[in-house]
>>> print(open('structure.txt').read())   # compact mmCIF, C-alpha atoms
# COMPACT_ATOMS: atom_id res chain seq x y z
CA MET A 1 141.76 32.01 110.34
CA THR A 2 141.69 30.31 106.95
CA LEU A 3 141.87 32.20 103.67
CA ASN A 4 139.33 31.51 100.97
CA TRP A 5 141.66 31.62 97.97
CA THR A 6 139.00 30.68 95.41
CA ALA A 7 136.81 33.64 96.40
CA PHE A 8 139.77 36.07 96.60
CA THR A 9 139.73 38.52 93.66
CA PRO A 10 142.64 40.91 94.24
CA GLY A 11 142.78 42.39 90.72
CA ALA A 12 139.08 43.25 90.50
CA ALA A 13 139.11 44.52 94.09
CA LEU A 14 142.02 46.91 93.45
CA ALA A 15 140.67 48.07 90.07
CA GLY A 16 137.15 48.62 91.43
CA GLY A 17 138.58 50.36 94.48
CA ALA A 18 140.63 52.68 92.27
CA LEU A 19 137.47 53.58 90.31
CA ILE A 20 135.66 54.37 93.57
CA GLY A 21 138.63 56.51 94.62
CA LEU A 22 138.60 58.27 91.25
CA ALA A 23 134.89 59.10 91.61
CA ALA A 24 135.50 60.50 95.11
CA ALA A 25 138.56 62.43 93.82
CA LEU A 26 136.60 64.02 90.95
CA LEU A 27 133.70 64.97 93.20
CA ILE A 28 135.94 66.75 95.74
CA LEU A 29 138.35 68.37 93.26
CA LEU A 30 135.70 69.54 90.79
CA GLY A 31 132.54 69.81 92.91
CA GLY A 32 134.01 70.38 96.36
CA ARG A 33 131.75 67.75 97.94
CA ILE A 34 132.36 64.50 99.85
CA ALA A 35 131.28 61.26 98.15
CA GLY A 36 129.44 59.88 101.17
CA ILE A 37 126.42 57.92 100.02
CA SER A 38 124.43 58.04 103.25
CA GLY A 39 124.96 61.81 103.52
CA ILE A 40 124.01 62.40 99.89
CA LEU A 41 120.88 60.25 100.15
CA GLY A 42 119.89 61.48 103.61
CA GLY A 43 120.55 65.06 102.52
CA LEU A 44 117.78 64.70 99.95
CA LEU A 45 115.31 64.49 102.84
CA ARG A 46 116.22 68.07 103.76
CA ARG A 47 115.46 71.25 101.86
CA VAL A 48 118.94 72.62 101.29
CA PRO A 49 118.98 75.19 98.45
CA GLY A 50 121.54 74.41 95.74
CA GLU A 51 122.37 70.94 97.08
CA ARG A 52 119.43 68.90 95.85
CA ALA A 53 120.18 68.68 92.12
CA TRP A 54 123.71 67.27 92.36
CA ARG A 55 122.68 64.88 95.12
CA ALA A 56 119.75 63.57 93.05
CA ALA A 57 122.04 63.27 90.00
CA PHE A 58 124.63 61.33 92.01
CA ILE A 59 121.99 58.88 93.30
CA GLY A 60 120.64 58.62 89.74
CA GLY A 61 124.15 57.76 88.53
CA LEU A 62 124.43 55.00 91.12
CA LEU A 63 121.02 53.58 90.12
CA LEU A 64 121.93 53.65 86.41
CA SER A 65 125.45 52.22 86.80
CA PRO A 66 124.36 48.55 86.62
CA TRP A 67 122.55 49.31 83.35
CA LEU A 68 125.71 50.85 81.83
CA TYR A 69 127.82 47.98 83.17
CA GLY A 70 125.37 45.49 81.66
CA LEU A 71 126.01 46.93 78.18
CA ILE A 72 129.66 45.83 78.25
CA ALA A 73 129.69 42.91 80.68
CA GLU A 74 127.40 40.38 82.32
CA PRO A 75 124.39 41.75 84.27
CA VAL A 76 124.86 42.59 87.95
CA ALA A 77 123.69 39.77 90.23
CA THR A 78 120.78 40.75 92.46
CA GLN A 79 120.19 37.76 94.72
CA MET A 80 120.44 38.09 98.49
CA ASP A 81 120.58 35.20 100.93
CA ALA A 82 119.13 37.12 103.87
CA GLY A 83 115.37 36.73 104.39
CA TRP A 84 112.91 39.61 104.02
CA PRO A 85 112.55 40.41 107.75
CA THR A 86 116.35 40.58 108.11
CA VAL A 87 116.72 42.70 104.96
CA LEU A 88 114.12 45.24 106.13
CA ALA A 89 115.39 45.39 109.71
CA ALA A 90 118.97 45.81 108.45
CA GLY A 91 117.86 48.59 106.11
CA VAL A 92 116.21 50.55 108.91
CA ILE A 93 119.20 50.36 111.27
CA VAL A 94 121.64 51.18 108.45
CA GLY A 95 119.52 54.26 107.70
CA ILE A 96 119.38 55.44 111.31
CA GLY A 97 122.96 54.42 112.14
CA THR A 98 124.66 56.05 109.16
CA ARG A 99 122.87 59.37 109.85
CA TYR A 100 123.70 59.39 113.56
CA GLY A 101 127.25 58.31 112.80
CA ALA A 102 127.38 60.89 109.98
CA GLY A 103 128.74 58.50 107.39
CA CYS A 104 129.14 55.00 106.02
CA THR A 105 131.75 52.96 104.16
CA SER A 106 132.16 55.71 101.55
CA GLY A 107 132.05 58.93 103.58
CA HIS A 108 134.03 57.72 106.61
CA GLY A 109 135.80 54.75 105.02
CA VAL A 110 136.99 55.98 101.63
CA CYS A 111 136.87 59.80 101.94
CA GLY A 112 137.53 60.08 105.68
CA LEU A 113 140.53 57.77 105.72
CA SER A 114 141.86 59.53 102.59
CA ARG A 115 141.62 62.82 104.54
CA LEU A 116 143.49 61.16 107.44
CA SER A 117 140.57 62.07 109.73
CA VAL A 118 140.79 60.51 113.19
CA ARG A 119 137.02 60.91 113.61
CA SER A 120 136.42 58.89 110.43
CA ALA A 121 139.01 56.29 111.46
CA VAL A 122 137.14 55.78 114.75
CA ALA A 123 133.82 55.46 112.87
CA THR A 124 135.33 53.03 110.33
CA GLY A 125 136.93 50.91 113.06
CA THR A 126 133.61 50.85 114.91
CA PHE A 127 131.38 49.77 112.03
CA MET A 128 133.93 47.21 110.82
CA ALA A 129 134.14 45.72 114.32
CA ALA A 130 130.33 45.67 114.58
CA GLY A 131 130.14 43.98 111.15
CA PHE A 132 132.70 41.33 112.13
CA ALA A 133 130.90 40.69 115.44
CA THR A 134 127.47 40.48 113.79
CA VAL A 135 128.59 37.94 111.18
CA PHE A 136 130.37 35.93 113.88
CA VAL A 137 127.21 35.78 116.00
CA ALA A 138 124.94 35.04 113.01
CA ARG A 139 127.16 32.35 111.44
CA HIS A 140 128.99 30.71 114.29
CA LEU A 141 126.83 31.07 117.39
CA PHE A 142 123.38 30.35 115.93
CA MET B 1 126.99 72.57 92.28
CA GLY B 2 126.92 70.88 88.92
CA THR B 3 124.31 68.29 88.20
CA PHE B 4 126.65 66.92 85.55
CA ILE B 5 129.49 66.31 88.02
CA GLY B 6 127.04 64.67 90.43
CA GLY B 7 125.70 62.32 87.76
CA LEU B 8 129.13 61.49 86.36
CA THR B 9 130.73 60.74 89.72
CA GLY B 10 127.68 58.73 90.85
CA LEU B 11 127.93 56.62 87.70
CA LEU B 12 131.70 56.10 88.14
CA PHE B 13 131.26 55.30 91.84
CA GLY B 14 128.63 52.70 90.99
CA LEU B 15 130.80 51.10 88.31
CA GLY B 16 133.63 50.89 90.86
CA LEU B 17 131.35 49.18 93.36
CA ILE B 18 130.27 46.66 90.70
CA VAL B 19 133.81 45.91 89.45
CA SER B 20 135.13 45.58 93.02
CA GLY B 21 132.53 43.00 94.07
CA MET B 22 131.12 45.21 96.87
CA VAL B 23 127.63 44.77 95.35
CA LEU B 24 127.66 41.03 96.13
CA PRO B 25 126.35 40.44 99.67
CA THR B 26 127.92 36.96 99.75
CA LYS B 27 131.33 38.52 99.06
CA VAL B 28 130.87 41.25 101.67
CA LEU B 29 129.82 38.67 104.26
CA GLY B 30 132.79 36.50 103.22
CA PHE B 31 135.01 39.44 104.16
CA LEU B 32 133.21 40.09 107.45
CA ASP B 33 133.42 36.40 108.43
CA LEU B 34 136.87 36.35 110.05
CA ALA B 35 136.20 33.02 111.75
CA GLY B 36 135.11 31.28 108.55
CA ALA B 37 136.86 30.95 105.17
CA TRP B 38 137.98 34.57 104.96
CA ASP B 39 137.92 36.48 101.66
CA PRO B 40 140.24 39.49 102.10
CA SER B 41 139.20 41.11 98.77
CA LEU B 42 137.33 44.04 100.32
CA ALA B 43 140.43 45.19 102.19
CA LEU B 44 142.00 45.67 98.75
CA VAL B 45 138.96 47.61 97.55
CA MET B 46 139.59 50.03 100.39
CA ALA B 47 143.34 50.08 99.63
CA GLY B 48 142.70 50.83 95.94
CA ALA B 49 140.22 53.60 96.76
CA ILE B 50 142.50 55.26 99.32
CA ALA B 51 145.52 55.00 97.01
CA VAL B 52 143.66 57.31 94.61
CA GLY B 53 141.78 59.27 97.28
CA LEU B 54 144.78 60.18 99.46
CA PRO B 55 146.59 62.42 96.94
CA ALA B 56 143.26 63.93 95.79
CA PHE B 57 142.16 64.89 99.31
CA THR B 58 145.66 66.10 100.20
CA LEU B 59 145.40 68.48 97.25
CA ALA B 60 141.80 69.41 98.13
CA ARG B 61 142.77 70.40 101.68
CA ARG B 62 145.20 72.99 100.31
CA ARG B 63 142.58 74.68 98.17
CA ARG B 64 139.66 77.00 99.02
CA GLU B 65 138.04 76.51 95.64
CA THR B 66 137.73 73.52 93.34
CA PHE B 67 139.21 73.44 89.84
CA LEU B 68 135.82 74.66 88.64
CA GLY B 69 135.83 77.60 91.07
CA LEU B 70 133.26 76.08 93.44
CA GLN B 71 133.57 76.31 97.21
CA MET B 72 135.55 73.44 98.74
CA GLN B 73 133.37 71.88 101.44
CA LEU B 74 135.46 69.54 103.55
CA PRO B 75 134.05 68.23 106.87
CA GLN B 76 135.18 70.40 109.80
CA SER B 77 134.11 68.22 112.72
CA SER B 78 136.68 66.21 114.64
CA VAL B 79 134.32 65.33 117.49
CA ILE B 80 134.34 61.74 118.71
CA ASP B 81 131.17 61.27 120.72
CA ARG B 82 128.36 58.86 121.49
CA ARG B 83 126.50 59.78 118.30
CA LEU B 84 129.47 58.86 116.12
CA VAL B 85 130.25 55.58 117.86
CA GLY B 86 126.63 54.55 118.54
CA GLY B 87 125.56 55.34 114.98
CA SER B 88 128.54 53.48 113.52
CA LEU B 89 127.79 50.48 115.75
CA LEU B 90 124.21 50.36 114.47
CA PHE B 91 125.37 50.72 110.88
CA GLY B 92 127.91 47.89 111.29
CA ILE B 93 125.25 45.57 112.71
CA GLY B 94 122.95 46.24 109.74
CA TRP B 95 125.84 45.83 107.31
CA GLY B 96 126.69 42.45 108.88
CA LEU B 97 123.07 41.29 108.80
CA ALA B 98 122.37 42.02 105.13
CA GLY B 99 125.83 42.29 103.55
CA LEU B 100 124.88 45.62 101.98
CA CYS B 101 125.93 49.16 102.79
CA PRO B 102 124.18 52.23 101.30
CA GLY B 103 126.08 52.55 97.97
CA PRO B 104 125.89 48.90 96.90
CA ALA B 105 122.24 48.76 98.03
CA LEU B 106 121.36 51.56 95.59
CA VAL B 107 123.32 49.89 92.76
CA VAL B 108 121.64 46.50 93.25
CA ALA B 109 118.26 48.23 93.58
CA GLY B 110 119.00 49.93 90.25
CA ALA B 111 119.74 46.51 88.77
CA GLY B 112 116.22 45.48 89.78
CA GLY B 113 116.92 43.43 92.90
CA ALA B 114 113.65 43.22 94.86
CA LYS B 115 115.31 42.69 98.25
CA ALA B 116 117.80 45.50 97.60
CA LEU B 117 114.85 47.76 96.74
CA GLY B 118 113.23 46.75 100.03
CA PHE B 119 116.51 47.45 101.84
CA VAL B 120 116.75 50.92 100.25
CA ALA B 121 113.13 51.72 101.14
CA ALA B 122 113.75 50.63 104.75
CA MET B 123 117.01 52.62 104.81
CA VAL B 124 115.29 55.81 103.60
CA ALA B 125 112.59 55.22 106.24
CA GLY B 126 115.34 54.93 108.87
CA MET B 127 116.88 58.18 107.63
CA ALA B 128 113.46 59.85 107.81
CA VAL B 129 113.13 58.68 111.43
CA PHE B 130 116.49 60.34 112.13
CA GLU B 131 115.31 63.61 110.54
CA ARG B 132 112.16 63.51 112.66
CA LEU B 133 114.10 62.95 115.87
CA GLU B 134 116.56 65.72 114.96
CA ARG B 135 113.82 68.27 114.37
CA ARG B 136 112.10 67.76 117.73
>>> encode(input="structure.txt", output="structure tokens")
Amino acid sequence: MTLNWTAFTPGAALAGGALIGLAAALLILLGGRIAGISGILGGLLRRVPGERAWRAAFIGGLLLSPWLYGLIAEPVATQMDAGWPTVLAAGVIVGIGTRYGAGCTSGHGVCGLSRLSVRSAVATGTFMAAGFATVFVARHLF
Amino acid sequence: MGTFIGGLTGLLFGLGLIVSGMVLPTKVLGFLDLAGAWDPSLALVMAGAIAVGLPAFTLARRRRETFLGLQMQLPQSSVIDRRLVGGSLLFGIGWGLAGLCPGPALVVAGAGGAKALGFVAAMVAGMAVFERLERR
């Protein structure tokens, strides 16, 4: 393994991570809900009384965040190297997978590990391993 | 549950994703590429998030109500089954293919990225497929 020191951004990573943790902390301590993006988005496809408004507002906040960020710093980059077929296929399996697995990087990764949940640790270990394996196959075998 | 809290935390969460670099697929893939020139940044994103999240969730677990008097809804399941592992495997494969997970995808879609918008549309379609299969 070689480290890519020029790409390594420890300060921004820790600061951004702390902000993500703060958002999750405020949502659980004030709202009593888990900041799991796939659950919040997928939950909007169900008719659950009393849960739709905050979920829609949270997704709205995510969508508006690059606009707010752009007011004080450079615009958020939007380019993706993956081709359209890959992007769409990846989107579909992320949608199905996160709902069957009941969480993604935020719900299982950030919130679950912060709760010291073994279930979330297993999920996080599994999707990380699958991510590592997929990139290895895509970049080094083909 | 408060619409205001939802909007505020969504906004903060998105800003955190942007600052951390999680919204850059090249950076995410640089982290997932252990055999290439590895960028360990995203491990520190997780470390920073958990450093703040750990005390907050420790406090949350001791309370029945939030500081605003709302019901504390923490996940109760501790089941480790085929759904959990199979679903997470699928998610990891998609994450590795595109370099986007659900939160960053929504942020980049909000920034006007056409491919991220396509990814989000496909993701919602995948979630709708799940709902269909669950209701049968």
>>> residues_around(input="structure.txt", residues="Ala138 of chain A", least_positions_apart="4", cutoff="10 Å", atoms="only C-alpha atoms", output="list in words")
Ala133, Thr134 and Phe142 of chain A; Asp33, Gly96 and Leu97 of chain B
>>> write_last_selection(input="structure.txt", atoms="C-alpha atoms", output="JSON list (two decimals), keeping the file's coordinate frame")
[["chain", "number", "residue", "atom", "x", "y", "z"],
["A", 133, "ALA", "CA", 130.90, 40.69, 115.44],
["A", 134, "THR", "CA", 127.47, 40.48, 113.79],
["A", 142, "PHE", "CA", 123.38, 30.35, 115.93],
["B", 33, "ASP", "CA", 133.42, 36.40, 108.43],
["B", 96, "GLY", "CA", 126.69, 42.45, 108.88],
["B", 97, "LEU", "CA", 123.07, 41.29, 108.80]]
>>> residues_around(input="structure.txt", residues="Thr98 of chain A", least_positions_apart="2", cutoff="12 Å", atoms="only C-alpha atoms", output="ChimeraX atom specification")
/A:36-43,90-96,100-109,123-124,126-127 /B:83-95,101-103,123-124,126-128,130
>>> residues_around(input="structure.txt", residues="Leu26 of chain A", least_positions_apart="3", cutoff="10 Å", atoms="only C-alpha atoms", output="VMD selection string")
(chain A and resid 21 to 23 29 to 35) or (chain B and resid 5 to 6 8 to 9 12 53 56 66 to 67)
>>> residues_around(input="structure.txt", residues="Gln76 of chain B", least_positions_apart="6", cutoff="12 Å", atoms="all atoms listed in the file", output="mmCIF file with C-alpha atoms, in the coordinates of the input")
data_model
loop_
_atom_site.group_PDB
_atom_site.id
_atom_site.type_symbol
_atom_site.label_atom_id
_atom_site.label_comp_id
_atom_site.auth_asym_id
_atom_site.auth_seq_id
_atom_site.Cartn_x
_atom_site.Cartn_y
_atom_site.Cartn_z
ATOM 1 C CA ILE A 34 132.360 64.500 99.850
ATOM 2 C CA GLY A 112 137.530 60.080 105.680
ATOM 3 C CA ARG A 115 141.620 62.820 104.540
ATOM 4 C CA SER A 117 140.570 62.070 109.730
ATOM 5 C CA VAL A 118 140.790 60.510 113.190
ATOM 6 C CA ARG A 119 137.020 60.910 113.610
ATOM 7 C CA SER A 120 136.420 58.890 110.430
ATOM 8 C CA ARG B 61 142.770 70.400 101.680
#
>>> closest_residue(input="structure.txt", among="B:Leu100, B:Ala125, B:Val107, B:Arg63", to="Thr86 of chain A", atoms="only C-alpha atoms")
B:Leu100
>>> atom_distance(input="structure.txt", atom1="atom CA of Ala60 of chain B", atom2="atom CA of Glu131 of chain B")
29.8 Å
>>> residues_around(input="structure.txt", residues="Val87 of chain A", least_positions_apart="2", cutoff="9 Å", atoms="only C-alpha atoms", output="PyMOL selection string")
(chain A and resi 80+82-85+89-92) or (chain B and resi 94+97-98+115-116+118-119+122)
>>> write_last_selection(input="structure.txt", atoms="C-alpha atoms", output="tab-separated table (two decimals), keeping the file's coordinate frame")
chain	number	residue	atom	x	y	z
A	80	MET	CA	120.44	38.09	98.49
A	82	ALA	CA	119.13	37.12	103.87
A	83	GLY	CA	115.37	36.73	104.39
A	84	TRP	CA	112.91	39.61	104.02
A	85	PRO	CA	112.55	40.41	107.75
A	89	ALA	CA	115.39	45.39	109.71
A	90	ALA	CA	118.97	45.81	108.45
A	91	GLY	CA	117.86	48.59	106.11
A	92	VAL	CA	116.21	50.55	108.91
B	94	GLY	CA	122.95	46.24	109.74
B	97	LEU	CA	123.07	41.29	108.80
B	98	ALA	CA	122.37	42.02	105.13
B	115	LYS	CA	115.31	42.69	98.25
B	116	ALA	CA	117.80	45.50	97.60
B	118	GLY	CA	113.23	46.75	100.03
B	119	PHE	CA	116.51	47.45	101.84
B	122	ALA	CA	113.75	50.63	104.75
>>> atom_distance(input="structure.txt", atom1="atom CA of Ala77 of chain A", atom2="atom CA of Leu44 of chain B")
21.0 Å
>>> build_atoms(input="structure.txt", residues="segment 68-96 of chain A", atoms="N, CA and C atoms", output="PDB file, in the frame of the given file")
ATOM      1  N   LEU A  68     124.551  50.554  82.685  1.00  0.00           N
ATOM      2  CA  LEU A  68     125.710  50.850  81.830  1.00  0.00           C
ATOM      3  C   LEU A  68     126.694  49.674  81.840  1.00  0.00           C
ATOM      4  N   TYR A  69     126.913  49.112  83.035  1.00  0.00           N
ATOM      5  CA  TYR A  69     127.820  47.980  83.170  1.00  0.00           C
ATOM      6  C   TYR A  69     127.313  46.788  82.362  1.00  0.00           C
ATOM      7  N   GLY A  70     125.989  46.599  82.376  1.00  0.00           N
ATOM      8  CA  GLY A  70     125.370  45.490  81.660  1.00  0.00           C
ATOM      9  C   GLY A  70     125.538  45.570  80.150  1.00  0.00           C
ATOM     10  N   LEU A  71     125.811  46.782  79.628  1.00  0.00           N
ATOM     11  CA  LEU A  71     126.010  46.930  78.180  1.00  0.00           C
ATOM     12  C   LEU A  71     127.336  46.322  77.726  1.00  0.00           C
ATOM     13  N   ILE A  72     128.327  46.305  78.648  1.00  0.00           N
ATOM     14  CA  ILE A  72     129.660  45.830  78.250  1.00  0.00           C
ATOM     15  C   ILE A  72     130.052  44.532  78.928  1.00  0.00           C
ATOM     16  N   ALA A  73     129.336  44.145  79.970  1.00  0.00           N
ATOM     17  CA  ALA A  73     129.690  42.910  80.680  1.00  0.00           C
ATOM     18  C   ALA A  73     128.419  42.214  81.128  1.00  0.00           C
ATOM     19  N   GLU A  74     128.579  41.142  81.882  1.00  0.00           N
ATOM     20  CA  GLU A  74     127.400  40.380  82.320  1.00  0.00           C
ATOM     21  C   GLU A  74     126.587  41.194  83.327  1.00  0.00           C
ATOM     22  N   PRO A  75     125.254  40.971  83.374  1.00  0.00           N
ATOM     23  CA  PRO A  75     124.390  41.750  84.270  1.00  0.00           C
ATOM     24  C   PRO A  75     124.811  41.594  85.742  1.00  0.00           C
ATOM     25  N   VAL A  76     124.544  42.614  86.516  1.00  0.00           N
ATOM     26  CA  VAL A  76     124.860  42.590  87.950  1.00  0.00           C
ATOM     27  C   VAL A  76     123.920  41.632  88.672  1.00  0.00           C
ATOM     28  N   ALA A  77     124.502  40.735  89.470  1.00  0.00           N
ATOM     29  CA  ALA A  77     123.690  39.770  90.230  1.00  0.00           C
ATOM     30  C   ALA A  77     122.871  40.502  91.281  1.00  0.00           C
ATOM     31  N   THR A  78     121.646  40.047  91.515  1.00  0.00           N
ATOM     32  CA  THR A  78     120.780  40.750  92.460  1.00  0.00           C
ATOM     33  C   THR A  78     120.291  39.879  93.608  1.00  0.00           C
ATOM     34  N   GLN A  79     120.747  38.620  93.667  1.00  0.00           N
ATOM     35  CA  GLN A  79     120.190  37.760  94.720  1.00  0.00           C
ATOM     36  C   GLN A  79     120.811  38.062  96.080  1.00  0.00           C
ATOM     37  N   MET A  80     119.989  37.925  97.107  1.00  0.00           N
ATOM     38  CA  MET A  80     120.440  38.090  98.490  1.00  0.00           C
ATOM     39  C   MET A  80     119.993  36.897  99.300  1.00  0.00           C
ATOM     40  N   ASP A  81     120.912  36.375 100.127  1.00  0.00           N
ATOM     41  CA  ASP A  81     120.580  35.200 100.930  1.00  0.00           C
ATOM     42  C   ASP A  81     119.710  35.536 102.130  1.00  0.00           C
ATOM     43  N   ALA A  82     119.887  36.732 102.670  1.00  0.00           N
ATOM     44  CA  ALA A  82     119.130  37.120 103.870  1.00  0.00           C
ATOM     45  C   ALA A  82     117.634  37.138 103.569  1.00  0.00           C
ATOM     46  N   GLY A  83     116.828  36.725 104.553  1.00  0.00           N
ATOM     47  CA  GLY A  83     115.370  36.730 104.390  1.00  0.00           C
ATOM     48  C   GLY A  83     114.815  38.139 104.466  1.00  0.00           C
ATOM     49  N   TRP A  84     113.545  38.285 104.043  1.00  0.00           N
ATOM     50  CA  TRP A  84     112.910  39.610 104.020  1.00  0.00           C
ATOM     51  C   TRP A  84     112.926  40.335 105.359  1.00  0.00           C
ATOM     52  N   PRO A  85     112.548  39.670 106.470  1.00  0.00           N
ATOM     53  CA  PRO A  85     112.550  40.410 107.750  1.00  0.00           C
ATOM     54  C   PRO A  85     113.933  40.963 108.086  1.00  0.00           C
ATOM     55  N   THR A  86     114.983  40.141 107.836  1.00  0.00           N
ATOM     56  CA  THR A  86     116.350  40.580 108.110  1.00  0.00           C
ATOM     57  C   THR A  86     116.730  41.752 107.217  1.00  0.00           C
ATOM     58  N   VAL A  87     116.395  41.647 105.921  1.00  0.00           N
ATOM     59  CA  VAL A  87     116.720  42.700 104.960  1.00  0.00           C
ATOM     60  C   VAL A  87     116.103  44.036 105.384  1.00  0.00           C
ATOM     61  N   LEU A  88     114.812  43.996 105.767  1.00  0.00           N
ATOM     62  CA  LEU A  88     114.120  45.240 106.130  1.00  0.00           C
ATOM     63  C   LEU A  88     114.641  45.810 107.445  1.00  0.00           C
ATOM     64  N   ALA A  89     114.866  44.923 108.427  1.00  0.00           N
ATOM     65  CA  ALA A  89     115.390  45.390 109.710  1.00  0.00           C
ATOM     66  C   ALA A  89     116.781  45.996 109.516  1.00  0.00           C
ATOM     67  N   ALA A  90     117.610  45.313 108.708  1.00  0.00           N
ATOM     68  CA  ALA A  90     118.970  45.810 108.450  1.00  0.00           C
ATOM     69  C   ALA A  90     118.912  47.168 107.764  1.00  0.00           C
ATOM     70  N   GLY A  91     117.996  47.318 106.818  1.00  0.00           N
ATOM     71  CA  GLY A  91     117.860  48.590 106.110  1.00  0.00           C
ATOM     72  C   GLY A  91     117.543  49.737 107.060  1.00  0.00           C
ATOM     73  N   VAL A  92     116.600  49.496 107.962  1.00  0.00           N
ATOM     74  CA  VAL A  92     116.210  50.550 108.910  1.00  0.00           C
ATOM     75  C   VAL A  92     117.394  50.948 109.794  1.00  0.00           C
ATOM     76  N   ILE A  93     118.114  49.973 110.349  1.00  0.00           N
ATOM     77  CA  ILE A  93     119.200  50.360 111.270  1.00  0.00           C
ATOM     78  C   ILE A  93     120.400  50.923 110.518  1.00  0.00           C
ATOM     79  N   VAL A  94     120.587  50.534 109.251  1.00  0.00           N
ATOM     80  CA  VAL A  94     121.640  51.180 108.450  1.00  0.00           C
ATOM     81  C   VAL A  94     121.266  52.638 108.199  1.00  0.00           C
ATOM     82  N   GLY A  95     119.982  52.881 107.925  1.00  0.00           N
ATOM     83  CA  GLY A  95     119.520  54.260 107.700  1.00  0.00           C
ATOM     84  C   GLY A  95     119.714  55.141 108.919  1.00  0.00           C
ATOM     85  N   ILE A  96     119.254  54.655 110.084  1.00  0.00           N
ATOM     86  CA  ILE A  96     119.380  55.440 111.310  1.00  0.00           C
ATOM     87  C   ILE A  96     120.856  55.567 111.718  1.00  0.00           C
TER      88      ILE A  96
END
